[in-house]
>>> print(open('entry-v6.cif').read())   # mmCIF, N, CA and C atoms
data_query
#
loop_
_atom_site.label_atom_id
_atom_site.label_comp_id
_atom_site.auth_asym_id
_atom_site.auth_seq_id
_atom_site.Cartn_x
_atom_site.Cartn_y
_atom_site.Cartn_z
N MET A 1 -6.23 3.74 -22.50
CA MET A 1 -7.10 4.27 -21.45
C MET A 1 -6.96 3.40 -20.21
N LEU A 2 -6.97 4.01 -19.07
CA LEU A 2 -6.82 3.33 -17.79
C LEU A 2 -8.18 2.85 -17.29
N ASP A 3 -8.34 1.53 -17.27
CA ASP A 3 -9.53 0.90 -16.71
C ASP A 3 -9.10 0.04 -15.53
N ILE A 4 -10.02 -0.19 -14.61
CA ILE A 4 -9.76 -1.04 -13.45
C ILE A 4 -10.66 -2.26 -13.55
N TYR A 5 -10.04 -3.43 -13.48
CA TYR A 5 -10.76 -4.71 -13.52
C TYR A 5 -10.66 -5.35 -12.15
N VAL A 6 -11.81 -5.72 -11.58
CA VAL A 6 -11.85 -6.23 -10.21
C VAL A 6 -12.41 -7.64 -10.20
N ASP A 7 -11.64 -8.56 -9.63
CA ASP A 7 -12.11 -9.91 -9.36
C ASP A 7 -13.04 -9.77 -8.16
N GLY A 8 -14.33 -9.58 -8.42
CA GLY A 8 -15.25 -9.06 -7.43
C GLY A 8 -15.87 -9.99 -6.43
N ASP A 9 -15.80 -11.29 -6.63
CA ASP A 9 -16.55 -12.19 -5.75
C ASP A 9 -16.18 -12.06 -4.27
N ALA A 10 -14.93 -12.02 -3.95
CA ALA A 10 -14.54 -11.96 -2.54
C ALA A 10 -13.66 -10.75 -2.25
N CYS A 11 -13.78 -9.71 -3.05
CA CYS A 11 -12.93 -8.54 -2.90
C CYS A 11 -13.43 -7.66 -1.74
N PRO A 12 -12.59 -7.46 -0.72
CA PRO A 12 -13.02 -6.67 0.43
C PRO A 12 -12.88 -5.16 0.25
N VAL A 13 -12.39 -4.71 -0.91
CA VAL A 13 -12.13 -3.28 -1.09
C VAL A 13 -12.91 -2.68 -2.27
N LYS A 14 -14.06 -3.26 -2.58
CA LYS A 14 -14.85 -2.75 -3.70
C LYS A 14 -15.26 -1.29 -3.49
N ALA A 15 -15.71 -0.95 -2.31
CA ALA A 15 -16.15 0.43 -2.04
C ALA A 15 -14.98 1.40 -2.21
N GLU A 16 -13.80 1.01 -1.78
CA GLU A 16 -12.63 1.87 -1.92
C GLU A 16 -12.25 2.05 -3.38
N ILE A 17 -12.34 0.98 -4.15
CA ILE A 17 -12.02 1.05 -5.58
C ILE A 17 -12.98 2.03 -6.27
N ILE A 18 -14.25 1.91 -5.96
CA ILE A 18 -15.25 2.78 -6.58
C ILE A 18 -14.99 4.23 -6.20
N ARG A 19 -14.69 4.47 -4.93
CA ARG A 19 -14.43 5.84 -4.48
C ARG A 19 -13.23 6.45 -5.20
N VAL A 20 -12.14 5.69 -5.33
CA VAL A 20 -10.94 6.19 -6.01
C VAL A 20 -11.23 6.39 -7.50
N ALA A 21 -11.92 5.44 -8.11
CA ALA A 21 -12.25 5.55 -9.53
C ALA A 21 -13.12 6.76 -9.81
N GLU A 22 -14.07 7.04 -8.93
CA GLU A 22 -14.92 8.22 -9.11
C GLU A 22 -14.09 9.49 -9.03
N ARG A 23 -13.13 9.52 -8.13
CA ARG A 23 -12.27 10.70 -7.99
C ARG A 23 -11.47 10.96 -9.26
N TYR A 24 -11.00 9.89 -9.92
CA TYR A 24 -10.20 10.03 -11.13
C TYR A 24 -11.02 9.93 -12.42
N GLY A 25 -12.29 9.63 -12.31
CA GLY A 25 -13.13 9.50 -13.50
C GLY A 25 -12.80 8.26 -14.32
N LEU A 26 -12.47 7.16 -13.65
CA LEU A 26 -12.06 5.92 -14.33
C LEU A 26 -13.22 4.95 -14.46
N GLN A 27 -13.11 4.08 -15.46
CA GLN A 27 -14.05 2.99 -15.65
C GLN A 27 -13.63 1.82 -14.76
N VAL A 28 -14.60 1.20 -14.10
CA VAL A 28 -14.35 0.02 -13.26
C VAL A 28 -15.25 -1.10 -13.75
N TYR A 29 -14.66 -2.28 -13.86
CA TYR A 29 -15.40 -3.49 -14.23
C TYR A 29 -15.35 -4.44 -13.05
N LEU A 30 -16.47 -4.57 -12.33
CA LEU A 30 -16.59 -5.50 -11.21
C LEU A 30 -17.11 -6.81 -11.78
N VAL A 31 -16.26 -7.82 -11.80
CA VAL A 31 -16.60 -9.08 -12.44
C VAL A 31 -16.93 -10.12 -11.37
N SER A 32 -18.10 -10.74 -11.51
CA SER A 32 -18.59 -11.66 -10.49
C SER A 32 -19.55 -12.65 -11.14
N ASN A 33 -19.82 -13.74 -10.42
CA ASN A 33 -20.86 -14.64 -10.92
C ASN A 33 -22.18 -14.39 -10.18
N GLY A 34 -22.30 -13.22 -9.56
CA GLY A 34 -23.56 -12.81 -8.95
C GLY A 34 -23.39 -12.29 -7.55
N GLY A 35 -24.44 -11.70 -7.04
CA GLY A 35 -24.45 -11.27 -5.66
C GLY A 35 -23.95 -9.87 -5.41
N LEU A 36 -23.58 -9.13 -6.44
CA LEU A 36 -23.13 -7.75 -6.26
C LEU A 36 -24.24 -6.80 -6.69
N ARG A 37 -24.32 -5.67 -6.00
CA ARG A 37 -25.32 -4.67 -6.35
C ARG A 37 -24.77 -3.72 -7.41
N PRO A 38 -25.58 -3.38 -8.39
CA PRO A 38 -25.13 -2.42 -9.40
C PRO A 38 -24.94 -1.03 -8.79
N SER A 39 -24.07 -0.26 -9.40
CA SER A 39 -23.83 1.11 -8.96
C SER A 39 -24.59 2.07 -9.87
N PRO A 40 -25.08 3.17 -9.33
CA PRO A 40 -25.74 4.15 -10.18
C PRO A 40 -24.75 4.93 -11.06
N ASN A 41 -23.46 4.85 -10.74
CA ASN A 41 -22.43 5.55 -11.50
C ASN A 41 -22.25 4.84 -12.85
N PRO A 42 -22.39 5.56 -13.97
CA PRO A 42 -22.26 4.92 -15.28
C PRO A 42 -20.84 4.43 -15.59
N ASN A 43 -19.85 4.84 -14.81
CA ASN A 43 -18.47 4.38 -15.01
C ASN A 43 -18.18 3.08 -14.27
N ILE A 44 -19.12 2.62 -13.45
CA ILE A 44 -18.95 1.38 -12.70
C ILE A 44 -19.80 0.31 -13.37
N HIS A 45 -19.15 -0.67 -13.96
CA HIS A 45 -19.84 -1.70 -14.73
C HIS A 45 -19.83 -3.02 -13.96
N LEU A 46 -21.00 -3.54 -13.70
CA LEU A 46 -21.14 -4.83 -13.04
C LEU A 46 -21.24 -5.89 -14.13
N ILE A 47 -20.26 -6.77 -14.18
CA ILE A 47 -20.22 -7.82 -15.19
C ILE A 47 -20.55 -9.14 -14.49
N ILE A 48 -21.68 -9.72 -14.83
CA ILE A 48 -22.08 -11.00 -14.26
C ILE A 48 -21.74 -12.09 -15.28
N VAL A 49 -20.90 -13.03 -14.85
CA VAL A 49 -20.52 -14.14 -15.71
C VAL A 49 -21.16 -15.42 -15.19
N ALA A 50 -21.19 -16.43 -16.01
CA ALA A 50 -21.74 -17.72 -15.59
C ALA A 50 -20.90 -18.30 -14.46
N SER A 51 -21.52 -19.13 -13.65
CA SER A 51 -20.80 -19.84 -12.59
C SER A 51 -19.91 -20.89 -13.22
N GLY A 52 -18.77 -21.08 -12.62
CA GLY A 52 -17.85 -22.09 -13.12
C GLY A 52 -16.42 -21.66 -12.86
N PRO A 53 -15.54 -22.64 -12.87
CA PRO A 53 -14.15 -22.32 -12.57
C PRO A 53 -13.53 -21.41 -13.62
N ASP A 54 -12.92 -20.35 -13.16
CA ASP A 54 -12.12 -19.43 -13.97
C ASP A 54 -12.89 -18.62 -15.00
N ILE A 55 -14.21 -18.61 -14.98
CA ILE A 55 -14.95 -17.84 -15.98
C ILE A 55 -14.74 -16.34 -15.75
N ALA A 56 -14.84 -15.90 -14.49
CA ALA A 56 -14.58 -14.48 -14.19
C ALA A 56 -13.12 -14.15 -14.49
N ASP A 57 -12.22 -15.06 -14.13
CA ASP A 57 -10.80 -14.84 -14.40
C ASP A 57 -10.56 -14.70 -15.90
N ASP A 58 -11.19 -15.56 -16.68
CA ASP A 58 -11.01 -15.49 -18.14
C ASP A 58 -11.49 -14.15 -18.68
N TRP A 59 -12.63 -13.68 -18.18
CA TRP A 59 -13.17 -12.41 -18.65
C TRP A 59 -12.17 -11.28 -18.39
N ILE A 60 -11.63 -11.25 -17.18
CA ILE A 60 -10.67 -10.20 -16.82
C ILE A 60 -9.38 -10.35 -17.62
N ALA A 61 -8.84 -11.55 -17.68
CA ALA A 61 -7.55 -11.77 -18.35
C ALA A 61 -7.63 -11.45 -19.84
N GLN A 62 -8.79 -11.61 -20.45
CA GLN A 62 -8.94 -11.30 -21.87
C GLN A 62 -9.00 -9.80 -22.14
N ARG A 63 -9.22 -9.00 -21.10
CA ARG A 63 -9.42 -7.56 -21.31
C ARG A 63 -8.37 -6.67 -20.65
N ALA A 64 -7.88 -7.04 -19.48
CA ALA A 64 -6.91 -6.20 -18.77
C ALA A 64 -5.57 -6.25 -19.49
N GLY A 65 -5.06 -5.09 -19.83
CA GLY A 65 -3.80 -5.05 -20.55
C GLY A 65 -2.98 -3.84 -20.15
N ALA A 66 -2.04 -3.48 -20.99
CA ALA A 66 -1.15 -2.36 -20.72
C ALA A 66 -1.97 -1.11 -20.44
N GLY A 67 -1.63 -0.41 -19.37
CA GLY A 67 -2.34 0.80 -18.99
C GLY A 67 -3.56 0.56 -18.13
N ASP A 68 -3.86 -0.69 -17.83
CA ASP A 68 -5.00 -1.04 -16.97
C ASP A 68 -4.49 -1.55 -15.62
N ILE A 69 -5.41 -1.60 -14.67
CA ILE A 69 -5.11 -2.16 -13.35
C ILE A 69 -6.08 -3.30 -13.09
N ALA A 70 -5.54 -4.43 -12.64
CA ALA A 70 -6.36 -5.58 -12.22
C ALA A 70 -6.21 -5.71 -10.71
N ILE A 71 -7.32 -5.95 -10.04
CA ILE A 71 -7.30 -6.12 -8.59
C ILE A 71 -7.82 -7.52 -8.29
N THR A 72 -6.92 -8.33 -7.71
CA THR A 72 -7.27 -9.71 -7.42
C THR A 72 -6.36 -10.28 -6.35
N ALA A 73 -6.89 -11.25 -5.61
CA ALA A 73 -6.08 -12.04 -4.69
C ALA A 73 -5.69 -13.36 -5.34
N ASP A 74 -6.21 -13.62 -6.53
CA ASP A 74 -5.96 -14.87 -7.25
C ASP A 74 -4.61 -14.77 -7.96
N ILE A 75 -3.65 -15.53 -7.49
CA ILE A 75 -2.28 -15.44 -7.99
C ILE A 75 -2.19 -15.86 -9.46
N LEU A 76 -2.92 -16.88 -9.84
CA LEU A 76 -2.87 -17.30 -11.24
C LEU A 76 -3.47 -16.24 -12.16
N LEU A 77 -4.56 -15.61 -11.74
CA LEU A 77 -5.12 -14.51 -12.52
C LEU A 77 -4.13 -13.35 -12.57
N ALA A 78 -3.48 -13.07 -11.47
CA ALA A 78 -2.47 -12.00 -11.46
C ALA A 78 -1.40 -12.28 -12.51
N GLY A 79 -0.94 -13.52 -12.59
CA GLY A 79 0.08 -13.88 -13.57
C GLY A 79 -0.42 -13.68 -15.00
N ARG A 80 -1.67 -14.03 -15.25
CA ARG A 80 -2.24 -13.86 -16.59
C ARG A 80 -2.34 -12.38 -16.96
N CYS A 81 -2.73 -11.56 -16.01
CA CYS A 81 -2.85 -10.13 -16.27
C CYS A 81 -1.46 -9.49 -16.46
N LEU A 82 -0.50 -9.93 -15.68
CA LEU A 82 0.87 -9.43 -15.86
C LEU A 82 1.39 -9.78 -17.24
N ALA A 83 1.07 -10.97 -17.73
CA ALA A 83 1.50 -11.38 -19.06
C ALA A 83 0.94 -10.46 -20.14
N ASN A 84 -0.19 -9.81 -19.83
CA ASN A 84 -0.80 -8.85 -20.76
C ASN A 84 -0.35 -7.41 -20.48
N GLN A 85 0.65 -7.26 -19.61
CA GLN A 85 1.23 -5.96 -19.27
C GLN A 85 0.35 -5.09 -18.37
N ALA A 86 -0.67 -5.67 -17.73
CA ALA A 86 -1.49 -4.91 -16.78
C ALA A 86 -0.75 -4.75 -15.47
N THR A 87 -1.09 -3.72 -14.73
CA THR A 87 -0.63 -3.55 -13.36
C THR A 87 -1.56 -4.36 -12.48
N VAL A 88 -1.01 -5.12 -11.53
CA VAL A 88 -1.85 -5.99 -10.70
C VAL A 88 -1.58 -5.72 -9.22
N ILE A 89 -2.67 -5.54 -8.47
CA ILE A 89 -2.59 -5.25 -7.04
C ILE A 89 -3.53 -6.20 -6.30
N SER A 90 -3.07 -6.70 -5.16
CA SER A 90 -3.93 -7.52 -4.32
C SER A 90 -4.78 -6.60 -3.45
N PRO A 91 -5.88 -7.10 -2.87
CA PRO A 91 -6.69 -6.27 -1.98
C PRO A 91 -5.94 -5.79 -0.74
N GLN A 92 -4.82 -6.42 -0.41
CA GLN A 92 -4.01 -5.98 0.71
C GLN A 92 -2.98 -4.92 0.31
N GLY A 93 -2.97 -4.57 -0.99
CA GLY A 93 -2.05 -3.54 -1.46
C GLY A 93 -0.72 -4.07 -1.96
N LYS A 94 -0.59 -5.37 -2.05
CA LYS A 94 0.66 -5.95 -2.57
C LYS A 94 0.62 -5.89 -4.10
N ALA A 95 1.68 -5.33 -4.67
CA ALA A 95 1.78 -5.30 -6.12
C ALA A 95 2.39 -6.61 -6.60
N PHE A 96 1.72 -7.24 -7.55
CA PHE A 96 2.30 -8.40 -8.23
C PHE A 96 3.11 -7.85 -9.40
N THR A 97 4.31 -8.37 -9.56
CA THR A 97 5.19 -7.91 -10.63
C THR A 97 5.81 -9.12 -11.31
N ALA A 98 6.47 -8.86 -12.43
CA ALA A 98 7.18 -9.93 -13.13
C ALA A 98 8.26 -10.52 -12.22
N ASP A 99 8.79 -9.72 -11.30
CA ASP A 99 9.84 -10.19 -10.41
C ASP A 99 9.34 -11.06 -9.27
N ASN A 100 8.08 -10.90 -8.86
CA ASN A 100 7.62 -11.68 -7.69
C ASN A 100 6.52 -12.69 -7.99
N ILE A 101 5.98 -12.70 -9.21
CA ILE A 101 4.85 -13.59 -9.48
C ILE A 101 5.26 -15.06 -9.45
N GLY A 102 6.48 -15.36 -9.88
CA GLY A 102 6.94 -16.76 -9.85
C GLY A 102 6.97 -17.31 -8.44
N ASN A 103 7.49 -16.52 -7.49
CA ASN A 103 7.51 -16.96 -6.10
C ASN A 103 6.10 -17.10 -5.54
N ALA A 104 5.21 -16.19 -5.93
CA ALA A 104 3.83 -16.26 -5.44
C ALA A 104 3.14 -17.52 -5.96
N ILE A 105 3.38 -17.86 -7.22
CA ILE A 105 2.78 -19.08 -7.79
C ILE A 105 3.35 -20.32 -7.12
N ALA A 106 4.66 -20.31 -6.87
CA ALA A 106 5.29 -21.45 -6.19
C ALA A 106 4.74 -21.60 -4.77
N GLY A 107 4.56 -20.49 -4.07
CA GLY A 107 4.00 -20.53 -2.71
C GLY A 107 2.58 -21.05 -2.71
N ARG A 108 1.82 -20.68 -3.72
CA ARG A 108 0.44 -21.17 -3.86
C ARG A 108 0.45 -22.68 -4.06
N ALA A 109 1.34 -23.17 -4.92
CA ALA A 109 1.43 -24.61 -5.18
C ALA A 109 1.86 -25.36 -3.92
N LEU A 110 2.79 -24.79 -3.19
CA LEU A 110 3.25 -25.43 -1.95
C LEU A 110 2.11 -25.51 -0.94
N GLY A 111 1.35 -24.42 -0.79
CA GLY A 111 0.20 -24.42 0.12
C GLY A 111 -0.82 -25.48 -0.27
N ALA A 112 -1.09 -25.61 -1.57
CA ALA A 112 -2.04 -26.63 -2.04
C ALA A 112 -1.52 -28.02 -1.71
N HIS A 113 -0.23 -28.24 -1.90
CA HIS A 113 0.37 -29.54 -1.61
C HIS A 113 0.26 -29.86 -0.11
N LEU A 114 0.54 -28.89 0.73
CA LEU A 114 0.44 -29.11 2.18
C LEU A 114 -1.00 -29.43 2.59
N ARG A 115 -1.96 -28.77 1.97
CA ARG A 115 -3.36 -29.07 2.29
C ARG A 115 -3.72 -30.49 1.86
N GLU A 116 -3.19 -30.92 0.71
CA GLU A 116 -3.43 -32.29 0.25
C GLU A 116 -2.86 -33.32 1.23
N LEU A 117 -1.76 -32.97 1.88
CA LEU A 117 -1.13 -33.87 2.84
C LEU A 117 -1.81 -33.83 4.21
N GLY A 118 -2.84 -33.00 4.34
CA GLY A 118 -3.58 -32.94 5.59
C GLY A 118 -3.19 -31.77 6.47
N GLY A 119 -2.28 -30.96 6.01
CA GLY A 119 -1.90 -29.77 6.78
C GLY A 119 -2.98 -28.72 6.66
N THR A 120 -2.99 -27.82 7.57
CA THR A 120 -3.96 -26.75 7.50
C THR A 120 -3.24 -25.44 7.27
N THR A 121 -3.89 -24.59 6.55
CA THR A 121 -3.38 -23.24 6.35
C THR A 121 -4.51 -22.29 6.69
N THR A 122 -4.17 -21.12 7.15
CA THR A 122 -5.19 -20.14 7.49
C THR A 122 -4.97 -18.89 6.65
N ASN A 123 -6.04 -18.24 6.35
CA ASN A 123 -5.96 -16.96 5.67
C ASN A 123 -5.94 -15.88 6.74
N PRO A 124 -4.97 -14.98 6.66
CA PRO A 124 -4.95 -13.90 7.66
C PRO A 124 -6.18 -13.01 7.51
N THR A 125 -6.61 -12.43 8.61
CA THR A 125 -7.77 -11.55 8.56
C THR A 125 -7.40 -10.25 7.85
N PHE A 126 -8.39 -9.64 7.24
CA PHE A 126 -8.20 -8.38 6.54
C PHE A 126 -8.28 -7.26 7.57
N THR A 127 -7.26 -6.41 7.64
CA THR A 127 -7.16 -5.40 8.68
C THR A 127 -7.33 -3.98 8.11
N PRO A 128 -7.58 -3.02 8.97
CA PRO A 128 -7.61 -1.62 8.51
C PRO A 128 -6.28 -1.21 7.86
N ARG A 129 -5.19 -1.77 8.35
CA ARG A 129 -3.89 -1.45 7.74
C ARG A 129 -3.84 -1.98 6.30
N ASP A 130 -4.39 -3.17 6.07
CA ASP A 130 -4.46 -3.72 4.71
C ASP A 130 -5.24 -2.76 3.80
N ARG A 131 -6.36 -2.26 4.30
CA ARG A 131 -7.19 -1.34 3.53
C ARG A 131 -6.41 -0.08 3.18
N SER A 132 -5.69 0.46 4.15
CA SER A 132 -4.88 1.65 3.94
C SER A 132 -3.77 1.39 2.92
N GLN A 133 -3.10 0.25 3.06
CA GLN A 133 -2.03 -0.09 2.12
C GLN A 133 -2.59 -0.26 0.70
N PHE A 134 -3.78 -0.84 0.60
CA PHE A 134 -4.41 -1.00 -0.70
C PHE A 134 -4.66 0.37 -1.34
N LEU A 135 -5.27 1.27 -0.57
CA LEU A 135 -5.58 2.60 -1.11
C LEU A 135 -4.31 3.31 -1.58
N GLN A 136 -3.24 3.20 -0.81
CA GLN A 136 -1.97 3.82 -1.21
C GLN A 136 -1.44 3.18 -2.49
N ALA A 137 -1.50 1.86 -2.57
CA ALA A 137 -0.99 1.16 -3.75
C ALA A 137 -1.83 1.49 -4.99
N LEU A 138 -3.14 1.56 -4.84
CA LEU A 138 -4.00 1.88 -5.98
C LEU A 138 -3.73 3.29 -6.47
N ASP A 139 -3.65 4.24 -5.56
CA ASP A 139 -3.39 5.61 -5.95
C ASP A 139 -2.02 5.73 -6.64
N ALA A 140 -1.02 5.07 -6.08
CA ALA A 140 0.33 5.10 -6.68
C ALA A 140 0.32 4.49 -8.07
N ALA A 141 -0.41 3.38 -8.26
CA ALA A 141 -0.48 2.73 -9.57
C ALA A 141 -1.16 3.64 -10.59
N ILE A 142 -2.24 4.29 -10.19
CA ILE A 142 -2.94 5.21 -11.09
C ILE A 142 -2.01 6.35 -11.49
N GLN A 143 -1.34 6.93 -10.51
CA GLN A 143 -0.43 8.04 -10.81
C GLN A 143 0.70 7.62 -11.74
N LYS A 144 1.25 6.43 -11.52
CA LYS A 144 2.34 5.94 -12.37
C LYS A 144 1.87 5.73 -13.81
N ILE A 145 0.70 5.16 -13.97
CA ILE A 145 0.16 4.92 -15.32
C ILE A 145 -0.14 6.25 -16.00
N LYS A 146 -0.71 7.19 -15.27
CA LYS A 146 -1.04 8.49 -15.86
C LYS A 146 0.22 9.25 -16.29
N ARG A 147 1.31 9.09 -15.53
CA ARG A 147 2.58 9.74 -15.90
C ARG A 147 3.21 9.10 -17.12
N GLY A 148 2.83 7.85 -17.38
CA GLY A 148 3.36 7.14 -18.55
C GLY A 148 4.64 6.44 -18.22
#
>>> encode(input="entry-v6.cif", output="structure tokens")
Amino acid sequence: MLDIYVDGDACPVKAEIIRVAERYGLQVYLVSNGGLRPSPNPNIHLIIVASGPDIADDWIAQRAGAGDIAITADILLAGRCLANQATVISPQGKAFTADNIGNAIAGRALGAHLRELGGTTTNPTFTPRDRSQFLQALDAAIQKIKRG
């Protein structure tokens, strides 16, 4: 069964995910350590986990598998979900795959190293184009999984 797992704490496309899931009749698990409002839709599940490093990630990684979609900007969580055969998409619509996750993890490590050395890095702003690309990627992923 196709379920969508969302790393919900800082996800800028929660409303879009819910809208697409409602259209397809899919279950969505919004995982957070708090601060999200529950949905009246019984297919939208708000999962509140304890505060702490990687607790939400652990919850998602233990459940997202083949035939599911995980939505996260967390590269390490993306790698864990890919290892379980889940489809993984970033909020900007970038698909994480077995072919690109290694480079993404290496880039993450390099960025962390540069910050330790006193360098600064900036996160690009989330744009309407990012939102559009995300919606296209999510719809394409759902269609691909449904086709088998």
>>> resolve_selection(input="entry-v6.cif", expression="the PyMOL selection byres ((chain A and resi 8) around 8)", output="VMD selection string")
chain A and resid 5 to 7 9 to 12 14 29 to 34 36 56 71 to 72
>>> select_by_dssp(input="entry-v6.cif", residues="chain A", states="helix (DSSP H, G or I)", output="PyMOL selection string")
chain A and resi 14-24+55-61+75-83+101-116+128-147
>>> resolve_selection(input="entry-v6.cif", expression="the PyMOL selection byres ((chain A and resi 67) around 8)", output="MDAnalysis selection string")
chainID A and resid 1:4 64:66 68:70 84:87 145:146
>>> atom_distance(input="entry-v6.cif", atom1="atom CA of A:Phe134", atom2="atom N of A:Pro91")
6.6 Å
>>> select_by_dssp(input="entry-v6.cif", residues="stretch 2-126 of chain A", states="strand (DSSP E)", output="list in words")
Asp3, Ile4, Tyr5, Val6, Asp7, Gln27, Val28, Tyr29, Leu30, Val31, Ser32, Ile44, His45, Leu46, Ile47, Ile48, Ile69, Ala70, Ile71, Thr87, Val88, Ile89, Ala95 and Phe96 of chain A
>>> write_last_selection(input="entry-v6.cif", atoms="N, CA and C atoms", output="compact mmCIF listing (two decimals), in the frame of the given file")
# COMPACT_ATOMS: atom_id res chain seq x y z
N ASP A 3 -8.34 1.53 -17.27
CA ASP A 3 -9.53 0.90 -16.71
C ASP A 3 -9.10 0.04 -15.53
N ILE A 4 -10.02 -0.19 -14.61
CA ILE A 4 -9.76 -1.04 -13.45
C ILE A 4 -10.66 -2.26 -13.55
N TYR A 5 -10.04 -3.43 -13.48
CA TYR A 5 -10.76 -4.71 -13.52
C TYR A 5 -10.66 -5.35 -12.15
N VAL A 6 -11.81 -5.72 -11.58
CA VAL A 6 -11.85 -6.23 -10.21
C VAL A 6 -12.41 -7.64 -10.20
N ASP A 7 -11.64 -8.56 -9.63
CA ASP A 7 -12.11 -9.91 -9.36
C ASP A 7 -13.04 -9.77 -8.16
N GLN A 27 -13.11 4.08 -15.46
CA GLN A 27 -14.05 2.99 -15.65
C GLN A 27 -13.63 1.82 -14.76
N VAL A 28 -14.60 1.20 -14.10
CA VAL A 28 -14.35 0.02 -13.26
C VAL A 28 -15.25 -1.10 -13.75
N TYR A 29 -14.66 -2.28 -13.86
CA TYR A 29 -15.40 -3.49 -14.23
C TYR A 29 -15.35 -4.44 -13.05
N LEU A 30 -16.47 -4.57 -12.33
CA LEU A 30 -16.59 -5.50 -11.21
C LEU A 30 -17.11 -6.81 -11.78
N VAL A 31 -16.26 -7.82 -11.80
CA VAL A 31 -16.60 -9.08 -12.44
C VAL A 31 -16.93 -10.12 -11.37
N SER A 32 -18.10 -10.74 -11.51
CA SER A 32 -18.59 -11.66 -10.49
C SER A 32 -19.55 -12.65 -11.14
N ILE A 44 -19.12 2.62 -13.45
CA ILE A 44 -18.95 1.38 -12.70
C ILE A 44 -19.80 0.31 -13.37
N HIS A 45 -19.15 -0.67 -13.96
CA HIS A 45 -19.84 -1.70 -14.73
C HIS A 45 -19.83 -3.02 -13.96
N LEU A 46 -21.00 -3.54 -13.70
CA LEU A 46 -21.14 -4.83 -13.04
C LEU A 46 -21.24 -5.89 -14.13
N ILE A 47 -20.26 -6.77 -14.18
CA ILE A 47 -20.22 -7.82 -15.19
C ILE A 47 -20.55 -9.14 -14.49
N ILE A 48 -21.68 -9.72 -14.83
CA ILE A 48 -22.08 -11.00 -14.26
C ILE A 48 -21.74 -12.09 -15.28
N ILE A 69 -5.41 -1.60 -14.67
CA ILE A 69 -5.11 -2.16 -13.35
C ILE A 69 -6.08 -3.30 -13.09
N ALA A 70 -5.54 -4.43 -12.64
CA ALA A 70 -6.36 -5.58 -12.22
C ALA A 70 -6.21 -5.71 -10.71
N ILE A 71 -7.32 -5.95 -10.04
CA ILE A 71 -7.30 -6.12 -8.59
C ILE A 71 -7.82 -7.52 -8.29
N THR A 87 -1.09 -3.72 -14.73
CA THR A 87 -0.63 -3.55 -13.36
C THR A 87 -1.56 -4.36 -12.48
N VAL A 88 -1.01 -5.12 -11.53
CA VAL A 88 -1.85 -5.99 -10.70
C VAL A 88 -1.58 -5.72 -9.22
N ILE A 89 -2.67 -5.54 -8.47
CA ILE A 89 -2.59 -5.25 -7.04
C ILE A 89 -3.53 -6.20 -6.30
N ALA A 95 1.68 -5.33 -4.67
CA ALA A 95 1.78 -5.30 -6.12
C ALA A 95 2.39 -6.61 -6.60
N PHE A 96 1.72 -7.24 -7.55
CA PHE A 96 2.30 -8.40 -8.23
C PHE A 96 3.11 -7.85 -9.40
>>> resolve_selection(input="entry-v6.cif", expression="the PyMOL selection byres ((chain A and resi 44) around 6.5)", output="list in words")
Leu26, Gln27, Val28, Tyr29, Leu30, Ser39, Asn41, Pro42, Asn43, His45 and Leu46 of chain A
>>> closest_residue(input="entry-v6.cif", among="A:Ala95, A:Arg129, A:Gly148, A:Gln62", to="A:Ala83", atoms="only C-alpha atoms")
A:Gln62
>>> atom_distance(input="entry-v6.cif", atom1="atom N of A:Pro124", atom2="atom CA of A:Asp139")
24.2 Å
>>> closest_residue(input="entry-v6.cif", among="A:Gly35, A:Gly79, A:Ala73, A:Lys94", to="A:Ile48", atoms="all atoms listed in the file")
A:Gly35
>>> residues_around(input="entry-v6.cif", residues="A:Ser132", least_positions_apart="6", cutoff="8 Å", atoms="only N, CA and C atoms", output="ChimeraX atom specification")
/A:91-93,138
>>> atom_distance(input="entry-v6.cif", atom1="atom C of A:Arg80", atom2="atom CA of A:Ala61")
5.4 Å
>>> closest_residue(input="entry-v6.cif", among="A:Ile47, A:Ile60, A:Ala137, A:Val13", to="A:Ile89", atoms="all atoms listed in the file")
A:Ala137
